[in-house]
>>> print(open('my_file-v5.pdb').read())   # PDB, C-alpha atoms
ATOM      1  CA  MET X   1     -39.374 -32.301 209.471
ATOM      2  CA  LEU X   2     -36.617 -32.560 206.835
ATOM      3  CA  LYS X   3     -36.962 -36.380 206.735
ATOM      4  CA  LYS X   4     -40.690 -36.050 206.104
ATOM      5  CA  ILE X   5     -40.114 -33.684 203.140
ATOM      6  CA  LEU X   6     -37.538 -36.034 201.625
ATOM      7  CA  ALA X   7     -39.934 -38.948 201.934
ATOM      8  CA  ILE X   8     -42.650 -36.976 200.189
ATOM      9  CA  LEU X   9     -40.291 -36.056 197.328
ATOM     10  CA  ILE X  10     -38.879 -39.534 196.882
ATOM     11  CA  LEU X  11     -42.211 -41.336 196.901
ATOM     12  CA  PRO X  12     -43.619 -39.845 193.636
ATOM     13  CA  ILE X  13     -40.329 -40.503 191.835
ATOM     14  CA  PHE X  14     -40.413 -44.146 192.961
ATOM     15  CA  ILE X  15     -44.016 -44.520 191.794
ATOM     16  CA  LEU X  16     -43.229 -42.985 188.399
ATOM     17  CA  SER X  17     -40.204 -45.238 187.821
ATOM     18  CA  CYS X  18     -42.238 -48.323 188.739
ATOM     19  CA  GLY X  19     -44.913 -47.338 186.221
ATOM     20  CA  LYS X  20     -42.500 -47.209 183.275
ATOM     21  CA  LYS X  21     -42.867 -50.289 181.086
ATOM     22  CA  GLU X  22     -39.877 -52.305 179.995
ATOM     23  CA  ILE X  23     -39.087 -52.301 176.275
ATOM     24  CA  LYS X  24     -39.052 -55.869 174.995
ATOM     25  CA  LYS X  25     -37.385 -57.462 171.988
ATOM     26  CA  ILE X  26     -39.789 -59.662 170.006
ATOM     27  CA  GLU X  27     -38.553 -61.730 167.054
ATOM     28  CA  LYS X  28     -40.013 -64.134 164.520
ATOM     29  CA  ASN X  29     -38.745 -65.905 161.367
ATOM     30  CA  SER X  30     -40.711 -67.338 158.468
ATOM     31  CA  PHE X  31     -39.717 -69.146 155.255
ATOM     32  CA  LEU X  32     -41.092 -67.218 152.263
ATOM     33  CA  PHE X  33     -39.763 -66.379 148.790
ATOM     34  CA  GLY X  34     -37.463 -69.376 149.131
ATOM     35  CA  THR X  35     -35.550 -67.815 152.022
ATOM     36  CA  TYR X  36     -35.880 -67.006 155.706
ATOM     37  CA  ILE X  37     -37.346 -63.603 156.463
ATOM     38  CA  SER X  38     -36.880 -62.287 159.984
ATOM     39  CA  ILE X  39     -38.664 -59.490 161.829
ATOM     40  CA  THR X  40     -37.449 -57.935 165.078
ATOM     41  CA  VAL X  41     -39.561 -55.432 167.023
ATOM     42  CA  TYR X  42     -38.723 -53.400 170.110
ATOM     43  CA  ASP X  43     -41.836 -52.325 172.013
ATOM     44  CA  GLU X  44     -43.304 -52.025 175.488
ATOM     45  CA  ASP X  45     -46.467 -53.827 174.368
ATOM     46  CA  GLU X  46     -45.571 -57.438 173.554
ATOM     47  CA  LYS X  47     -49.125 -58.219 172.436
ATOM     48  CA  LEU X  48     -49.103 -55.309 169.964
ATOM     49  CA  ALA X  49     -45.678 -56.324 168.661
ATOM     50  CA  LYS X  50     -46.688 -59.942 168.078
ATOM     51  CA  ARG X  51     -49.888 -58.876 166.305
ATOM     52  CA  ALA X  52     -47.959 -56.463 164.061
ATOM     53  CA  ILE X  53     -45.388 -59.125 163.198
ATOM     54  CA  GLU X  54     -48.136 -61.599 162.340
ATOM     55  CA  LEU X  55     -49.870 -59.065 160.091
ATOM     56  CA  ALA X  56     -46.548 -58.210 158.437
ATOM     57  CA  PHE X  57     -45.887 -61.847 157.591
ATOM     58  CA  ASN X  58     -49.452 -62.154 156.300
ATOM     59  CA  GLU X  59     -48.738 -59.241 153.965
ATOM     60  CA  ILE X  60     -45.497 -60.811 152.732
ATOM     61  CA  GLU X  61     -47.302 -64.099 152.129
ATOM     62  CA  ARG X  62     -50.093 -62.272 150.267
ATOM     63  CA  LEU X  63     -47.576 -60.754 147.870
ATOM     64  CA  ASP X  64     -45.721 -64.058 147.514
ATOM     65  CA  ASN X  65     -48.952 -65.764 146.444
ATOM     66  CA  LYS X  66     -50.077 -62.857 144.284
ATOM     67  CA  PHE X  67     -46.980 -62.062 142.209
ATOM     68  CA  ASN X  68     -44.155 -64.573 142.754
ATOM     69  CA  SER X  69     -43.293 -66.167 139.413
ATOM     70  CA  LYS X  70     -42.269 -69.360 141.244
ATOM     71  CA  VAL X  71     -45.623 -69.772 143.048
ATOM     72  CA  LYS X  72     -48.215 -71.891 141.264
ATOM     73  CA  GLY X  73     -51.392 -69.912 140.626
ATOM     74  CA  SER X  74     -49.879 -66.451 141.076
ATOM     75  CA  LEU X  75     -50.732 -63.780 138.501
ATOM     76  CA  ILE X  76     -47.262 -64.037 136.973
ATOM     77  CA  ASP X  77     -47.317 -67.839 136.957
ATOM     78  CA  LYS X  78     -50.621 -67.762 135.065
ATOM     79  CA  LEU X  79     -49.104 -65.444 132.471
ATOM     80  CA  ASN X  80     -45.845 -67.423 132.190
ATOM     81  CA  SER X  81     -47.603 -70.765 131.914
ATOM     82  CA  GLY X  82     -49.992 -69.554 129.228
ATOM     83  CA  GLU X  83     -52.985 -70.188 131.442
ATOM     84  CA  GLU X  84     -53.844 -66.513 130.894
ATOM     85  CA  LYS X  85     -53.015 -64.572 127.709
ATOM     86  CA  GLU X  86     -53.140 -61.340 129.660
ATOM     87  CA  ILE X  87     -53.676 -60.336 133.250
ATOM     88  CA  ILE X  88     -55.507 -57.325 134.631
ATOM     89  CA  LEU X  89     -53.448 -55.476 137.193
ATOM     90  CA  ASP X  90     -54.833 -53.542 140.129
ATOM     91  CA  ASP X  91     -53.206 -50.270 141.239
ATOM     92  CA  GLU X  92     -50.566 -52.192 143.162
ATOM     93  CA  GLY X  93     -49.566 -54.242 140.131
ATOM     94  CA  LYS X  94     -49.477 -51.158 137.894
ATOM     95  CA  TYR X  95     -47.231 -49.371 140.387
ATOM     96  CA  ILE X  96     -44.785 -52.282 140.443
ATOM     97  CA  PHE X  97     -44.553 -52.683 136.673
ATOM     98  CA  GLN X  98     -44.415 -48.972 135.916
ATOM     99  CA  ASN X  99     -41.357 -48.725 138.157
ATOM    100  CA  LEU X 100     -39.800 -51.857 136.666
ATOM    101  CA  LYS X 101     -40.169 -50.310 133.203
ATOM    102  CA  SER X 102     -38.573 -47.105 134.461
ATOM    103  CA  VAL X 103     -35.527 -48.918 135.904
ATOM    104  CA  TYR X 104     -35.293 -50.992 132.702
ATOM    105  CA  GLY X 105     -34.893 -47.740 130.775
ATOM    106  CA  LEU X 106     -32.413 -46.317 133.280
ATOM    107  CA  SER X 107     -30.148 -49.352 132.796
ATOM    108  CA  ASP X 108     -30.212 -48.998 128.990
ATOM    109  CA  GLU X 109     -32.475 -52.067 128.948
ATOM    110  CA  LYS X 110     -29.944 -54.323 130.691
ATOM    111  CA  TYR X 111     -31.960 -54.776 133.890
ATOM    112  CA  ASP X 112     -34.357 -57.276 132.404
ATOM    113  CA  ILE X 113     -36.825 -59.295 134.469
ATOM    114  CA  THR X 114     -37.367 -61.743 131.584
ATOM    115  CA  ILE X 115     -33.867 -63.122 132.291
ATOM    116  CA  GLY X 116     -35.375 -66.487 133.365
ATOM    117  CA  PRO X 117     -34.311 -68.579 130.311
ATOM    118  CA  LEU X 118     -30.667 -67.687 130.936
ATOM    119  CA  LEU X 119     -30.985 -68.413 134.663
ATOM    120  CA  ASP X 120     -32.582 -71.767 133.826
ATOM    121  CA  LEU X 121     -29.764 -72.582 131.414
ATOM    122  CA  TRP X 122     -27.061 -71.917 134.020
ATOM    123  CA  ASP X 123     -29.195 -73.697 136.664
ATOM    124  CA  PHE X 124     -27.652 -72.043 139.716
ATOM    125  CA  GLY X 125     -29.863 -73.961 142.121
ATOM    126  CA  SER X 126     -28.555 -77.374 141.107
ATOM    127  CA  LYS X 127     -25.611 -79.148 142.708
ATOM    128  CA  ALA X 128     -25.176 -81.475 139.739
ATOM    129  CA  GLU X 129     -22.054 -81.416 137.576
ATOM    130  CA  ARG X 130     -22.451 -79.326 134.457
ATOM    131  CA  ALA X 131     -20.491 -77.601 131.705
ATOM    132  CA  VAL X 132     -20.435 -73.952 130.706
ATOM    133  CA  PRO X 133     -23.351 -73.388 128.295
ATOM    134  CA  THR X 134     -22.453 -73.469 124.626
ATOM    135  CA  THR X 135     -22.775 -70.473 122.319
ATOM    136  CA  ASP X 136     -25.817 -72.054 120.646
ATOM    137  CA  GLN X 137     -27.472 -72.668 124.008
ATOM    138  CA  LEU X 138     -26.782 -69.106 125.125
ATOM    139  CA  ASP X 139     -28.085 -67.649 121.850
ATOM    140  CA  LYS X 140     -31.286 -69.670 122.111
ATOM    141  CA  ALA X 141     -31.873 -68.541 125.698
ATOM    142  CA  LYS X 142     -31.009 -64.901 124.907
ATOM    143  CA  SER X 143     -33.632 -64.864 122.132
ATOM    144  CA  LYS X 144     -36.282 -65.275 124.852
ATOM    145  CA  VAL X 145     -35.003 -62.397 127.012
ATOM    146  CA  ASP X 146     -36.642 -59.074 126.124
ATOM    147  CA  PHE X 147     -38.571 -56.992 128.652
ATOM    148  CA  SER X 148     -39.720 -54.658 125.844
ATOM    149  CA  LYS X 149     -42.040 -57.502 124.821
ATOM    150  CA  VAL X 150     -43.808 -57.351 128.182
ATOM    151  CA  ILE X 151     -46.586 -54.903 127.367
ATOM    152  CA  LEU X 152     -48.150 -52.716 130.037
ATOM    153  CA  ASP X 153     -51.202 -51.099 128.456
ATOM    154  CA  GLY X 154     -53.228 -49.281 131.100
ATOM    155  CA  ASN X 155     -53.911 -52.040 133.589
ATOM    156  CA  ARG X 156     -53.422 -54.840 131.037
ATOM    157  CA  LEU X 157     -50.198 -56.852 131.135
ATOM    158  CA  TYR X 158     -49.383 -59.317 128.365
ATOM    159  CA  TYR X 159     -46.538 -60.711 126.266
ATOM    160  CA  ALA X 160     -46.018 -59.549 122.697
ATOM    161  CA  ASP X 161     -44.097 -62.711 121.821
ATOM    162  CA  ASN X 162     -44.170 -66.389 122.743
ATOM    163  CA  GLY X 163     -41.438 -67.656 125.025
ATOM    164  CA  ILE X 164     -41.184 -64.487 127.129
ATOM    165  CA  GLU X 165     -41.490 -65.008 130.887
ATOM    166  CA  ILE X 166     -41.198 -62.704 133.889
ATOM    167  CA  ASP X 167     -38.913 -63.608 136.786
ATOM    168  CA  THR X 168     -39.743 -61.721 139.997
ATOM    169  CA  GLY X 169     -36.591 -62.660 141.913
ATOM    170  CA  SER X 170     -34.783 -59.335 141.600
ATOM    171  CA  PHE X 171     -37.460 -57.079 143.079
ATOM    172  CA  LEU X 172     -40.403 -58.777 144.787
ATOM    173  CA  LYS X 173     -38.757 -59.457 148.164
ATOM    174  CA  GLY X 174     -37.835 -55.805 148.446
ATOM    175  CA  TYR X 175     -41.369 -54.749 147.620
ATOM    176  CA  ALA X 176     -42.817 -57.257 150.084
ATOM    177  CA  ILE X 177     -40.741 -56.129 153.043
ATOM    178  CA  GLU X 178     -41.501 -52.487 152.204
ATOM    179  CA  LYS X 179     -45.228 -53.294 152.366
ATOM    180  CA  ALA X 180     -44.670 -55.255 155.581
ATOM    181  CA  LYS X 181     -43.130 -52.109 157.053
ATOM    182  CA  GLU X 182     -46.221 -50.107 156.093
ATOM    183  CA  VAL X 183     -48.449 -52.626 157.867
ATOM    184  CA  MET X 184     -46.371 -52.471 161.038
ATOM    185  CA  VAL X 185     -46.223 -48.663 161.068
ATOM    186  CA  ASN X 186     -50.007 -48.550 160.692
ATOM    187  CA  GLU X 187     -50.259 -50.841 163.719
ATOM    188  CA  GLY X 188     -48.243 -48.369 165.774
ATOM    189  CA  ILE X 189     -44.804 -50.011 165.735
ATOM    190  CA  LYS X 190     -42.032 -47.447 166.124
ATOM    191  CA  SER X 191     -38.890 -49.590 166.144
ATOM    192  CA  ALA X 192     -38.359 -52.658 163.933
ATOM    193  CA  PHE X 193     -35.946 -54.454 161.633
ATOM    194  CA  ILE X 194     -37.056 -56.617 158.679
ATOM    195  CA  SER X 195     -34.516 -58.740 156.804
ATOM    196  CA  SER X 196     -34.605 -61.170 153.902
ATOM    197  CA  ILE X 197     -30.784 -61.355 153.847
ATOM    198  CA  SER X 198     -30.155 -59.321 150.667
ATOM    199  CA  SER X 199     -33.046 -56.925 151.318
ATOM    200  CA  ILE X 200     -33.473 -55.004 154.567
ATOM    201  CA  GLU X 201     -36.009 -52.482 155.835
ATOM    202  CA  THR X 202     -36.081 -50.592 159.129
ATOM    203  CA  ILE X 203     -38.653 -48.660 161.117
ATOM    204  CA  ASN X 204     -36.934 -45.674 162.722
ATOM    205  CA  THR X 205     -34.042 -46.596 165.048
ATOM    206  CA  LYS X 206     -33.449 -49.036 167.875
ATOM    207  CA  PRO X 207     -34.574 -47.967 171.367
ATOM    208  CA  GLU X 208     -32.820 -44.907 172.787
ATOM    209  CA  GLY X 209     -32.191 -43.611 169.259
ATOM    210  CA  LYS X 210     -29.442 -46.072 168.360
ATOM    211  CA  LYS X 211     -29.254 -46.676 164.615
ATOM    212  CA  TRP X 212     -29.395 -50.181 163.180
ATOM    213  CA  ARG X 213     -25.835 -51.304 162.396
ATOM    214  CA  ILE X 214     -25.351 -53.616 159.411
ATOM    215  CA  GLY X 215     -22.071 -55.287 158.477
ATOM    216  CA  ILE X 216     -21.082 -55.072 154.804
ATOM    217  CA  GLU X 217     -19.399 -58.330 153.830
ATOM    218  CA  ASN X 218     -16.167 -58.532 151.914
ATOM    219  CA  PRO X 219     -17.279 -60.193 148.632
ATOM    220  CA  GLU X 220     -13.949 -62.023 148.376
ATOM    221  CA  ASN X 221     -14.120 -63.326 151.955
ATOM    222  CA  THR X 222     -17.528 -63.250 153.620
ATOM    223  CA  GLN X 223     -15.923 -63.981 157.003
ATOM    224  CA  GLU X 224     -14.584 -60.430 156.894
ATOM    225  CA  LEU X 225     -16.347 -57.062 156.754
ATOM    226  CA  LEU X 226     -15.550 -54.099 154.549
ATOM    227  CA  GLY X 227     -17.182 -51.942 157.196
ATOM    228  CA  VAL X 228     -20.509 -51.096 158.818
ATOM    229  CA  VAL X 229     -23.440 -48.916 157.767
ATOM    230  CA  GLU X 230     -26.107 -47.403 159.995
ATOM    231  CA  LEU X 231     -29.785 -47.305 159.022
ATOM    232  CA  ASP X 232     -32.525 -45.039 160.344
ATOM    233  CA  ASN X 233     -35.954 -45.664 158.784
ATOM    234  CA  GLN X 234     -34.245 -46.783 155.570
ATOM    235  CA  GLY X 235     -34.179 -49.775 153.255
ATOM    236  CA  MET X 236     -31.094 -51.500 151.887
ATOM    237  CA  GLY X 237     -30.527 -53.816 148.927
ATOM    238  CA  VAL X 238     -27.375 -55.854 148.282
ATOM    239  CA  SER X 239     -26.360 -57.674 145.105
ATOM    240  CA  GLY X 240     -23.119 -59.615 145.005
ATOM    241  CA  ASP X 241     -21.223 -62.176 142.973
ATOM    242  CA  TYR X 242     -20.748 -64.237 146.154
ATOM    243  CA  GLN X 243     -24.441 -64.745 147.001
ATOM    244  CA  THR X 244     -25.458 -67.378 144.445
ATOM    245  CA  PHE X 245     -22.948 -69.082 142.188
ATOM    246  CA  ILE X 246     -21.783 -72.375 140.732
ATOM    247  CA  GLU X 247     -18.296 -73.737 140.114
ATOM    248  CA  ILE X 248     -17.335 -75.298 136.793
ATOM    249  CA  ASP X 249     -13.798 -76.651 136.391
ATOM    250  CA  GLY X 250     -12.733 -74.681 139.452
ATOM    251  CA  LYS X 251     -14.082 -71.333 138.199
ATOM    252  CA  LYS X 252     -16.992 -69.504 139.835
ATOM    253  CA  TYR X 253     -19.945 -68.228 137.805
ATOM    254  CA  HIS X 254     -22.414 -66.014 139.653
ATOM    255  CA  HIS X 255     -26.121 -65.455 139.027
ATOM    256  CA  ILE X 256     -26.207 -61.781 137.956
ATOM    257  CA  LEU X 257     -26.177 -62.221 134.208
ATOM    258  CA  ASP X 258     -25.472 -59.808 131.363
ATOM    259  CA  LYS X 259     -28.173 -60.501 128.809
ATOM    260  CA  THR X 260     -25.993 -59.260 125.926
ATOM    261  CA  ASP X 261     -23.611 -62.229 126.136
ATOM    262  CA  GLY X 262     -25.439 -64.502 128.598
ATOM    263  CA  TYR X 263     -22.491 -64.649 131.006
ATOM    264  CA  PRO X 264     -22.194 -63.311 134.565
ATOM    265  CA  VAL X 265     -21.391 -59.594 134.798
ATOM    266  CA  LYS X 266     -17.603 -59.301 134.950
ATOM    267  CA  ASP X 267     -16.765 -55.776 136.115
ATOM    268  CA  LYS X 268     -18.376 -55.756 139.582
ATOM    269  CA  LYS X 269     -18.367 -57.857 142.724
ATOM    270  CA  MET X 270     -20.972 -56.079 144.854
ATOM    271  CA  VAL X 271     -23.488 -53.225 144.858
ATOM    272  CA  VAL X 272     -25.144 -51.863 148.009
ATOM    273  CA  VAL X 273     -28.015 -49.360 147.800
ATOM    274  CA  ILE X 274     -29.593 -47.502 150.725
ATOM    275  CA  SER X 275     -32.762 -45.468 150.170
ATOM    276  CA  ASN X 276     -36.046 -44.673 151.898
ATOM    277  CA  ASN X 277     -37.730 -47.637 150.179
ATOM    278  CA  ALA X 278     -36.624 -51.293 150.153
ATOM    279  CA  PHE X 279     -38.414 -51.938 146.842
ATOM    280  CA  PHE X 280     -36.224 -49.402 145.046
ATOM    281  CA  SER X 281     -33.097 -50.455 146.920
ATOM    282  CA  ASP X 282     -33.702 -54.034 145.741
ATOM    283  CA  MET X 283     -34.301 -53.066 142.108
ATOM    284  CA  TYR X 284     -31.430 -50.606 141.946
ATOM    285  CA  SER X 285     -28.894 -52.963 143.505
ATOM    286  CA  THR X 286     -29.441 -55.382 140.610
ATOM    287  CA  ALA X 287     -29.878 -52.763 137.883
ATOM    288  CA  PHE X 288     -26.697 -50.926 138.936
ATOM    289  CA  PHE X 289     -24.756 -54.168 138.492
ATOM    290  CA  MET X 290     -25.419 -53.779 134.751
ATOM    291  CA  MET X 291     -24.470 -50.096 134.519
ATOM    292  CA  PRO X 292     -21.205 -48.108 134.220
ATOM    293  CA  ILE X 293     -19.968 -47.017 137.636
ATOM    294  CA  SER X 294     -19.808 -43.341 136.636
ATOM    295  CA  LYS X 295     -23.490 -43.415 135.656
ATOM    296  CA  ILE X 296     -24.419 -45.195 138.905
ATOM    297  CA  ILE X 297     -22.738 -42.559 141.070
ATOM    298  CA  GLU X 298     -24.156 -39.668 139.019
ATOM    299  CA  PHE X 299     -27.716 -41.021 139.202
ATOM    300  CA  SER X 300     -27.408 -41.842 142.899
ATOM    301  CA  GLU X 301     -26.251 -38.376 143.874
ATOM    302  CA  LYS X 302     -29.069 -36.753 141.891
ATOM    303  CA  ASN X 303     -31.690 -38.998 143.512
ATOM    304  CA  ASN X 304     -30.646 -39.114 147.181
ATOM    305  CA  LEU X 305     -29.400 -42.683 147.092
ATOM    306  CA  ALA X 306     -26.462 -43.920 149.135
ATOM    307  CA  VAL X 307     -24.535 -46.396 146.988
ATOM    308  CA  LEU X 308     -21.406 -48.497 147.343
ATOM    309  CA  VAL X 309     -19.890 -50.392 144.406
ATOM    310  CA  VAL X 310     -17.025 -52.868 144.604
ATOM    311  CA  ASP X 311     -15.496 -53.505 141.197
ATOM    312  CA  SER X 312     -13.810 -56.697 139.984
ATOM    313  CA  ASN X 313     -10.448 -55.487 141.326
ATOM    314  CA  MET X 314     -11.912 -54.835 144.798
ATOM    315  CA  LYS X 315     -11.769 -51.061 144.312
ATOM    316  CA  ILE X 316     -14.539 -49.359 146.261
ATOM    317  CA  TYR X 317     -16.648 -46.509 144.881
ATOM    318  CA  MET X 318     -19.150 -44.618 147.035
ATOM    319  CA  SER X 319     -21.711 -41.901 146.446
ATOM    320  CA  LYS X 320     -21.318 -38.846 148.673
ATOM    321  CA  ASP X 321     -24.144 -39.983 150.973
ATOM    322  CA  PHE X 322     -22.720 -43.442 151.652
ATOM    323  CA  ASN X 323     -21.075 -43.587 155.062
ATOM    324  CA  LEU X 324     -19.005 -46.748 155.498
ATOM    325  CA  LEU X 325     -17.885 -46.938 159.117
ATOM    326  CA  LYS X 326     -14.977 -48.895 160.487
ATOM    327  CA  LYS X 327     -15.778 -52.343 161.859
TER     328      LYS X 327
END
>>> encode(input="my_file-v5.pdb", output="structure tokens")
Amino acid sequence: MLKKILAILILPIFILSCGKKEIKKIEKNSFLFGTYISITVYDEDEKLAKRAIELAFNEIERLDNKFNSKVKGSLIDKLNSGEEKEIILDDEGKYIFQNLKSVYGLSDEKYDITIGPLLDLWDFGSKAERAVPTTDQLDKAKSKVDFSKVILDGNRLYYADNGIEIDTGSFLKGYAIEKAKEVMVNEGIKSAFISSISSIETINTKPEGKKWRIGIENPENTQELLGVVELDNQGMGVSGDYQTFIEIDGKKYHHILDKTDGYPVKDKKMVVVISNNAFFSDMYSTAFFMMPISKIIEFSEKNNLAVLVVDSNMKIYMSKDFNLLKK
């Protein structure tokens, strides 16, 4: 009789355990915004995960084609090229540029998305030999850098002066992966990781509640880590002097430029920003590079941002919410 009772008890447990679906890891990479963007999803439903990933990449591609200043035919390309004297923004475009204007003001007008002429002058993408730009060259390029001359009037966007151009490199990837997250959440995805190297977004945690662990590179030696951070439904932006640079006569010059003198920013090596939105993390990580460290920390702690700054002497500053774990 006892054996029969045990069999009856064990049988339902066995049936229940067999009915539990295995959580699968589904990954895909795509080349957009001039870099590889990767999406990883953990889900029981592989078909759902693959559909959500596909829709997320479609959303990233939509934004690439719509706003990227480097994409022929985008709204910003039409404005930069002179094909259009003004463009009419929808609610999405207004939201982006209203926030860009706000961060421009926060940085005392140093975070400037019209920095393109200076970037072109330094030509960080070229492997050809070159010299440090002359004072005359820098002055000429600086005269074309002025975000105050990008006019947002209602839903109209236009330039108040010839020669002004918008460069979307410092914010659009962050916005795109934030929107990709929204698409995936709407599809029912509950655990995912989206990365475009310097911009990261997460959906909740990994399976079993484990947070996403991200290594923070040592800007002086990228083979080493300063430590690890954990993300839970958060976005992260990283700006560093080691990401894009050129060497001239044995000296490195990085791509985060101070528009007041035209040279790379000298007092910082890296800024990491963690927030609940990858768009803002991306913008802030660049804007903070231009700002005094005391102001960065003060603003971050008033606005629930977790921020790490590494100065030119490798001294680390952190807001109270930034938790840098041991490797």
>>> resolve_selection(input="my_file-v5.pdb", expression="the PyMOL selection byres ((chain X and resi 277-292) around 7)", output="ChimeraX atom specification")
/X:107,110-111,170-171,174-175,177-178,199-201,234-239,258,268,271-276,293-296
>>> atom_distance(input="my_file-v5.pdb", atom1="CA of Asp123 in chain X", atom2="CA of Leu257 in chain X")
12.1 Å
>>> axis_aligned_box(input="my_file-v5.pdb", around="range 64-75 of chain X", padding_each_side="4 Å", output="JSON")
{"center_x": -46.8, "center_y": -67.0, "center_z": 143.0, "size_x": 17.1, "size_y": 17.8, "size_z": 17.0}
>>> closest_atom_pairs(input="my_file-v5.pdb", of="range 136-180 of chain X", to="range 58-67 of chain X", cutoff="10 Å", atoms="only C-alpha atoms", output="tab-separated table")
residue	atom	partner	partner_atom	distance
X:Asp167	CA	X:Phe67	CA	9.8
X:Thr168	CA	X:Phe67	CA	7.6
X:Leu172	CA	X:Phe67	CA	7.8
X:Lys173	CA	X:Ile60	CA	8.3
X:Tyr175	CA	X:Leu63	CA	8.6
X:Ala176	CA	X:Ile60	CA	5.2
X:Ile177	CA	X:Ile60	CA	6.7
X:Glu178	CA	X:Ile60	CA	9.2
X:Lys179	CA	X:Glu59	CA	7.1
X:Ala180	CA	X:Glu59	CA	5.9
>>> residues_around(input="my_file-v5.pdb", residues="Met314 in chain X", least_positions_apart="5", cutoff="9 Å", atoms="only C-alpha atoms", output="count of residues only")
4
>>> resolve_selection(input="my_file-v5.pdb", expression="the PyMOL selection byres ((chain X and resi 124-129) around 9)", output="PyMOL selection string")
chain X and resi 119-123+130-131+244-248+253-255
>>> residues_around(input="my_file-v5.pdb", residues="Lys211 in chain X", least_positions_apart="3", cutoff="10 Å", atoms="only C-alpha atoms", output="MDAnalysis selection string")
chainID X and resid 202 204:208 214 229:233
>>> resolve_selection(input="my_file-v5.pdb", expression="the PyMOL selection byres ((chain X and resi 134-146) around 7)", output="ChimeraX atom specification")
/X:112,114-115,117-118,132-133,147-149,163-164,259,262
>>> closest_residue(input="my_file-v5.pdb", among="X:Lys251, X:Arg51, X:Arg156, X:Lys326", to="Glu187 in chain X", atoms="all atoms listed in the file")
X:Arg51
>>> residues_around(input="my_file-v5.pdb", residues="Ile88 in chain X", least_positions_apart="2", cutoff="12 Å", atoms="all atoms listed in the file", output="list in words")
Leu75, Ile76, Lys78, Leu79, Glu84, Lys85, Glu86, Asp90, Asp91, Glu92, Gly93, Lys94, Ile151, Leu152, Asp153, Gly154, Asn155, Arg156, Leu157 and Tyr158 of chain X
>>> atom_distance(input="my_file-v5.pdb", atom1="CA of Leu100 in chain X", atom2="CA of Ala160 in chain X")
17.1 Å
>>> atom_distance(input="my_file-v5.pdb", atom1="CA of Phe57 in chain X", atom2="CA of Gly240 in chain X")
26.1 Å
>>> residues_around(input="my_file-v5.pdb", residues="range 27-31 of chain X", least_positions_apart="6", cutoff="7 Å", atoms="only C-alpha atoms", output="PyMOL selection string")
chain X and resi 37-41
>>> closest_residue(input="my_file-v5.pdb", among="X:Val71, X:Phe97, X:Val309, X:Asn186", to="Gly34 in chain X", atoms="all atoms listed in the file")
X:Val71
>>> closest_residue(input="my_file-v5.pdb", among="X:Ser312, X:Ser69, X:Ser191, X:Asn221", to="Asp267 in chain X", atoms="only C-alpha atoms")
X:Ser312
